[in-house]
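Engineer: To be precise about what I am sending: the file is called work_1.txt and holds compact mmCIF, C-alpha atoms.
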# COMPACT_ATOMS: atom_id res chain seq x y z
CA ARG X 1 140.37 55.43 200.40
CA ALA X 2 142.03 58.63 201.67
CA ARG X 3 142.76 59.79 198.12
CA ALA X 4 139.23 59.06 196.97
CA ALA X 5 137.81 60.97 199.90
CA ALA X 6 140.06 63.95 199.13
CA ALA X 7 139.00 63.92 195.48
CA MET X 8 135.34 63.83 196.44
CA ALA X 9 135.83 66.71 198.86
CA SER X 10 137.60 68.79 196.22
CA SER X 11 134.83 68.10 193.72
CA HIS X 12 132.21 69.11 196.26
CA VAL X 13 134.02 72.40 196.99
CA GLY X 14 134.25 73.14 193.27
CA ARG X 15 130.52 72.62 192.84
CA VAL X 16 129.81 74.90 195.81
CA VAL X 17 132.01 77.67 194.35
CA SER X 18 130.51 77.29 190.88
CA ARG X 19 127.01 77.59 192.35
CA SER X 20 127.85 80.59 194.50
CA PRO X 21 126.01 83.86 193.67
CA LEU X 22 129.45 85.42 193.18
CA ARG X 23 129.76 83.57 189.90
CA PHE X 24 127.40 86.12 188.36
CA LEU X 25 130.13 88.75 188.77
CA TRP X 26 131.49 87.36 185.49
CA LEU X 27 128.55 89.12 183.83
CA ALA X 28 129.54 92.56 185.16
CA PRO X 29 132.23 93.38 182.51
CA ALA X 30 129.86 92.37 179.72
CA GLY X 31 127.14 94.56 181.19
CA LEU X 32 129.53 97.49 181.54
CA CYS X 33 130.64 97.24 177.91
CA PHE X 34 127.02 96.98 176.77
CA GLY X 35 126.22 100.13 178.73
CA LEU X 36 129.12 102.00 177.14
CA GLY X 37 127.98 100.91 173.70
CA THR X 38 124.48 102.19 174.40
CA TRP X 39 125.96 105.46 175.70
CA GLN X 40 127.80 105.88 172.36
CA TYR X 41 124.55 105.22 170.53
CA TYR X 42 122.82 108.10 172.30
CA ARG X 43 125.86 110.35 171.86
CA ARG X 44 125.73 109.65 168.13
CA GLU X 45 122.04 110.55 168.01
CA ASP X 46 122.72 113.80 169.92
CA LYS X 47 125.62 114.65 167.59
CA ILE X 48 123.48 114.14 164.49
CA GLU X 49 120.76 116.34 165.97
CA THR X 50 123.32 119.04 166.87
CA ILE X 51 124.78 119.04 163.35
CA GLU X 52 121.33 119.26 161.75
CA ARG X 53 120.24 122.07 164.05
CA ARG X 54 123.48 124.02 163.56
CA THR X 55 123.39 123.52 159.78
CA SER X 56 119.86 124.93 159.65
CA SER X 57 120.87 127.93 161.79
CA LEU X 58 123.99 128.74 159.75
CA LYS X 59 122.00 128.74 156.51
CA GLN X 60 119.79 131.58 157.73
CA PRO X 61 120.46 135.04 156.23
CA PRO X 62 122.21 137.42 158.65
CA VAL X 63 120.00 139.82 160.62
CA ALA X 64 120.77 142.86 162.75
CA PHE X 65 122.21 142.08 166.17
CA LYS X 66 120.41 143.50 169.23
CA TYR X 67 121.06 141.74 172.53
CA LEU X 68 122.99 138.61 173.43
CA GLU X 69 120.10 137.07 175.33
CA ASP X 70 117.79 137.47 172.32
CA CYS X 71 120.09 135.69 169.87
CA TYR X 72 119.85 132.11 168.68
CA ALA X 73 123.05 130.07 168.84
CA TYR X 74 124.92 129.85 165.51
CA ARG X 75 122.47 132.02 163.64
CA PRO X 76 124.30 134.69 161.58
CA TYR X 77 124.06 138.29 162.79
CA VAL X 78 125.59 141.57 161.72
CA VAL X 79 126.67 144.36 164.07
CA GLU X 80 128.55 147.64 163.75
CA GLY X 81 130.93 149.14 166.28
CA GLU X 82 134.56 149.46 167.37
CA PHE X 83 137.09 147.06 168.85
CA GLU X 84 138.84 147.76 172.16
CA HIS X 85 142.16 146.22 171.15
CA GLU X 86 143.96 147.31 174.31
CA LYS X 87 141.85 144.78 176.26
CA GLU X 88 142.24 141.77 173.97
CA VAL X 89 142.78 138.31 175.47
CA MET X 90 144.60 135.29 174.00
CA PHE X 91 143.39 131.75 174.73
CA ARG X 92 146.14 129.12 174.54
CA SER X 93 146.39 125.64 173.04
CA ARG X 94 144.05 126.15 170.12
CA SER X 95 144.14 124.26 166.83
CA PRO X 96 143.71 126.24 163.60
CA PRO X 97 140.37 126.08 161.79
CA VAL X 98 139.99 122.72 160.05
CA THR X 99 139.48 124.12 156.54
CA PHE X 100 142.42 126.50 156.95
CA ARG X 101 144.71 123.74 158.21
CA ASP X 102 143.73 121.08 155.73
CA SER X 103 143.41 123.06 152.53
CA ALA X 104 145.79 125.98 152.93
CA PHE X 105 148.76 124.96 155.07
CA SER X 106 149.41 121.25 155.57
CA ASP X 107 152.22 122.01 158.03
CA PHE X 108 149.54 123.08 160.55
CA ASP X 109 148.23 119.52 160.96
CA SER X 110 149.68 119.16 164.46
CA ALA X 111 150.33 122.80 165.31
CA THR X 112 148.52 124.76 167.97
CA GLY X 113 148.14 128.46 168.39
CA LYS X 114 145.94 130.94 170.22
CA LEU X 115 142.40 132.25 169.96
CA LEU X 116 142.05 136.03 169.93
CA VAL X 117 139.12 137.48 171.90
CA THR X 118 138.57 141.25 171.88
CA PRO X 119 135.93 143.44 173.56
CA PHE X 120 133.72 145.22 171.04
CA LYS X 121 131.51 148.27 171.56
CA ALA X 122 128.51 148.33 169.25
CA THR X 123 127.07 151.58 167.93
CA SER X 124 124.06 150.92 170.18
CA GLY X 125 126.35 151.27 173.21
CA LEU X 126 126.28 147.56 174.10
CA ARG X 127 129.67 145.97 174.71
CA MET X 128 130.41 142.29 174.09
CA LEU X 129 133.22 139.79 173.67
CA VAL X 130 134.16 138.96 170.09
CA ILE X 131 136.09 135.84 169.11
CA ARG X 132 138.10 137.20 166.20
CA GLY X 133 139.89 133.98 165.22
CA TRP X 134 143.07 131.93 165.39
CA VAL X 135 146.67 133.15 165.44
CA PRO X 136 149.83 130.96 165.41
CA HIS X 137 152.33 130.62 168.20
CA GLY X 138 155.63 132.40 167.85
CA ASP X 139 157.16 135.83 167.84
CA ALA X 140 154.66 138.51 166.84
CA LYS X 141 157.22 139.99 164.43
CA ASP X 142 157.00 136.80 162.33
CA PHE X 143 153.39 137.45 161.36
CA SER X 144 150.90 140.29 161.30
CA ILE X 145 147.77 140.61 163.46
CA THR X 146 145.24 143.04 162.00
CA ARG X 147 143.62 145.42 164.47
CA PRO X 148 141.10 147.52 162.54
CA ALA X 149 140.38 150.97 163.94
CA GLY X 150 137.17 152.96 163.77
CA THR X 151 133.66 151.72 163.12
CA ILE X 152 133.49 148.38 161.31
CA ARG X 153 130.78 145.90 160.40
CA LEU X 154 131.04 142.33 161.72
CA ARG X 155 129.25 139.22 160.56
CA GLY X 156 129.20 136.36 163.03
CA VAL X 157 127.30 134.02 165.31
CA VAL X 158 126.53 133.92 169.02
CA ARG X 159 127.87 130.96 170.99
CA ASP X 160 128.04 129.87 174.61
CA SER X 161 131.04 129.37 176.87
CA GLU X 162 132.87 126.04 176.93
CA PRO X 163 131.81 123.67 179.73
CA ALA X 164 134.26 123.20 182.61
CA GLN X 165 136.26 119.95 182.57
CA SER X 166 138.21 118.43 185.43
CA PHE X 167 141.39 117.82 183.40
CA VAL X 168 141.52 121.34 181.89
CA PRO X 169 143.52 123.93 183.90
CA GLN X 170 141.64 126.84 185.40
CA ASN X 171 141.93 130.32 183.88
CA ASP X 172 144.20 132.66 185.82
CA PRO X 173 143.52 136.32 184.92
CA VAL X 174 146.29 137.51 187.25
CA ARG X 175 148.92 135.66 185.21
CA ASP X 176 147.06 136.35 181.96
CA PHE X 177 146.67 132.58 181.55
CA TRP X 178 143.57 131.67 179.56
CA ILE X 179 142.56 128.15 178.47
CA ARG X 180 138.79 127.69 178.66
CA LEU X 181 136.41 130.04 176.87
CA ASP X 182 134.41 131.44 179.77
CA SER X 183 132.56 134.63 178.87
CA SER X 184 131.77 135.61 182.46
CA GLU X 185 135.43 135.35 183.55
CA VAL X 186 136.70 137.32 180.56
CA GLY X 187 133.92 139.86 180.88
CA LYS X 188 134.78 140.51 184.51
CA HIS X 189 138.47 140.79 183.60
CA VAL X 190 137.90 143.45 180.91
CA GLY X 191 135.20 145.37 182.76
CA LEU X 192 131.98 144.29 181.03
CA ARG X 193 128.64 144.24 182.78
CA ASP X 194 127.10 140.85 183.60
CA ARG X 195 124.49 141.09 180.84
CA GLU X 196 127.24 141.91 178.33
CA SER X 197 129.30 138.80 179.07
CA THR X 198 126.75 135.99 179.06
CA ARG X 199 127.93 134.68 175.67
CA PHE X 200 130.46 135.24 172.88
CA PHE X 201 130.02 136.73 169.43
CA GLU X 202 132.26 134.76 167.03
CA VAL X 203 133.29 136.29 163.71
CA LEU X 204 132.20 134.15 160.77
CA GLY X 205 134.80 133.79 158.03
CA GLY X 206 134.17 133.55 154.30
CA ALA X 207 134.07 130.35 152.28
CA ALA X 208 137.23 128.27 152.49
CA ALA X 209 137.66 128.34 148.69
CA GLU X 210 137.63 132.14 148.64
CA ARG X 211 140.18 132.25 151.44
CA ASP X 212 142.47 129.74 149.72
CA ASP X 213 142.45 131.84 146.53
CA ALA X 214 143.55 134.85 148.57
CA LEU X 215 146.34 132.78 150.16
CA ALA X 216 147.71 131.36 146.92
CA GLY X 217 151.48 131.78 146.74
CA ARG X 218 151.81 133.30 150.22
CA ARG X 219 153.93 131.97 153.03
CA VAL X 220 152.51 131.44 156.51
CA HIS X 221 154.25 134.39 158.15
CA ARG X 222 153.08 136.69 155.36
CA PHE X 223 149.43 136.08 156.06
CA HIS X 224 147.46 138.49 158.20
CA TYR X 225 145.85 137.03 161.30
CA PRO X 226 143.52 136.20 163.03
CA VAL X 227 141.82 133.51 160.93
CA PRO X 228 138.09 133.16 161.76
CA ARG X 229 136.20 129.91 161.44
CA THR X 230 133.97 129.33 158.42
CA ARG X 231 130.57 127.62 158.33
CA ASP X 232 132.30 124.34 157.48
CA ASP X 233 134.57 124.72 160.51
CA MET X 234 131.58 125.25 162.79
CA LEU X 235 130.08 122.02 161.49
CA ALA X 236 133.29 120.02 162.00
CA PHE X 237 133.46 117.92 165.16
CA TYR X 238 136.49 115.96 166.35
CA VAL X 239 134.24 113.00 167.22
CA THR X 240 131.96 112.58 164.22
CA PRO X 241 128.80 110.43 164.09
CA GLU X 242 130.87 107.85 162.18
CA LYS X 243 133.37 107.67 165.05
CA HIS X 244 130.55 107.24 167.54
CA MET X 245 129.30 104.34 165.41
CA LEU X 246 132.77 102.77 165.48
CA TYR X 247 133.03 103.18 169.26
CA MET X 248 129.55 101.72 169.66
CA ALA X 249 130.41 98.65 167.57
CA THR X 250 133.63 98.17 169.54
CA TRP X 251 131.89 98.23 172.92
CA TYR X 252 129.08 95.95 171.76
CA GLY X 253 131.63 93.52 170.31
CA LEU X 254 133.52 93.42 173.61
CA SER X 255 130.24 92.94 175.45
CA LEU X 256 129.38 89.93 173.29
CA GLY X 257 132.81 88.37 173.75
CA LEU X 258 132.74 88.83 177.52
CA ALA X 259 129.18 87.48 177.67
CA LEU X 260 130.30 84.27 175.98
CA ILE X 261 133.13 83.90 178.50
CA ALA X 262 130.74 84.60 181.38
CA ARG X 263 128.28 82.01 180.04
CA HIS X 264 131.02 79.40 180.18
CA LYS X 265 131.93 80.37 183.74
CA VAL X 266 128.38 80.69 185.10
CA LEU X 267 126.72 77.61 183.62
Could you write out this structure as structure tokens?

Structural biologist:
Amino acid sequence: RARAAAAMASSHVGRVVSRSPLRFLWLAPAGLCFGLGTWQYYRREDKIETIERRTSSLKQPPVAFKYLEDCYAYRPYVVEGEFEHEKEVMFRSRSPPVTFRDSAFSDFDSATGKLLVTPFKATSGLRMLVIRGWVPHGDAKDFSITRPAGTIRLRGVVRDSEPAQSFVPQNDPVRDFWIRLDSSEVGKHVGLRDRESTRFFEVLGGAAAERDDALAGRRVHRFHYPVPRTRDDMLAFYVTPEKHMLYMATWYGLSLGLALIARHKVL
């Protein structure tokens, strides 16, 4: 009788636990994964919209540059003026342009370098920050950085600063340590007015095929840097819409699996 009573008590406790509202906590992981899958869906839609909008802008014929605040992002502009090379800034930990890395020098697949930003004084008197392009790491005597003098004509696009991220180190102008593209910080460092450092002007390189023909037979250290991004580079994203679709399917699949487990535990 004692054993039977104990068994009945244990069964009663099990039923009480299984009917407790806490059993619905088994649904939480499935709900979380479903939410992450939905988040990837909306990120994919935003990425597709960004690519379409940027593609349309880059296809526009270049027009004369006037003021940073009047420019549309990634629409080609032309401007004449002179570089202030003595105030140039190098941003660290930068990958080479995708088309340059993939089609010209396969040994750059995992290499990083620097991004060269130089103040530029337009003939109109306006000064701005110009992203000239990518240069490799290493001793400067191993490669050549071109620094054109006098009045030149630039073709490029206007772009915004990079958003701050918690895991990215802060820029330190005192130590000349630059990581995140922040136009206001660089502008203050090189003496630009606030209205002159709201955005960057990025030099637009020629077609990748034309550049590869010019590089044929040359070694890396013989090439003149910096290397600007092309239109194709500006349309290349590390996380493509296809990757977002893969992430979305993964999260939804996990959500389904966890939901089935939760159903077994709850019912």

Engineer: Could you check how far atom CA of Arg43 of chain X sits from atom CA of Ser57 of chain X, in Å to one decimal?

Structural biologist: 20.9 Å

Engineer: Identify, on the basis of only C-alpha atoms, every residue whose closest approach to Arg147 of chain X does not exceed 10 Å; exclude the query and any residue fewer than 6 positions from it along the same chain; express the result as a list in words.

Structural biologist: Phe83, Glu84, His85, Thr118, Tyr225 and Pro226 of chain X

Engineer: Have a look at X:Ile51, X:Leu254, X:Pro62, X:Arg127 and name the one nearest to Asp233 of chain X; count only C-alpha atoms.

Structural biologist: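 With only C-alpha atoms as the atom set, the closest residue is X:Ile51.
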
Engineer: Identify, on the basis of only C-alpha atoms, every residue whose closest approach to segment 173-184 of chain X does not exceed 9 Å; exclude the query and any residue fewer than 5 positions from it along the same chain; express the result as a ChimeraX atom specification.

Structural biologist: /X:89-94,129,160-164,168,189,192,194,196-200

Engineer: Interatomic distance between atom CA of Leu58 of chain X and atom CA of Gly133 of chain X?

Structural biologist: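 Atom-to-atom, atom CA of Leu58 of chain X to atom CA of Gly133 of chain X, that is 17.6 Å.
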
Engineer: Under the rule that only C-alpha atoms are counted, which of X:Phe65, X:Phe34, X:Tyr247, X:Trp134 is the nearest residue to Arg229 of chain X?

Structural biologist: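 Checking each candidate against Arg229 of chain X, we get X:Trp134 as the closest.
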
Engineer: Restricting the calculation to only C-alpha atoms: of X:Gly31, X:Pro97, X:Gly37, X:Gly191, which residue gets closest to Pro228 of chain X?

Structural biologist: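 Of the candidates, the smallest distance to Pro228 of chain X is held by X:Pro97.
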
Engineer: For the atom pair atom CA of Gln60 of chain X and atom CA of Lys47 of chain X, what is the interatomic distance in Å to one decimal place?

Structural biologist: 20.4 Å

Engineer: Under the rule that all atoms listed in the file are counted, which of X:Lys87, X:Arg54, X:Lys243, X:Arg263 is the nearest residue to Phe120 of chain X?

Structural biologist: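 Among the listed residues, the smallest separation from Phe120 of chain X belongs to X:Lys87.
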
Engineer: When you count only C-alpha atoms, which of these residues is closest to Arg159 of chain X: X:Tyr238, X:Tyr72, X:Phe100, X:Tyr77?

Structural biologist: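 Counting only C-alpha atoms, the residue closest to Arg159 of chain X is X:Tyr72.
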
Engineer: Using all atoms listed in the file, find the one residue out of X:Lys121, X:Lys265, X:Arg231, X:Arg153 that sits nearest to Thr55 of chain X.

Structural biologist: X:Arg231
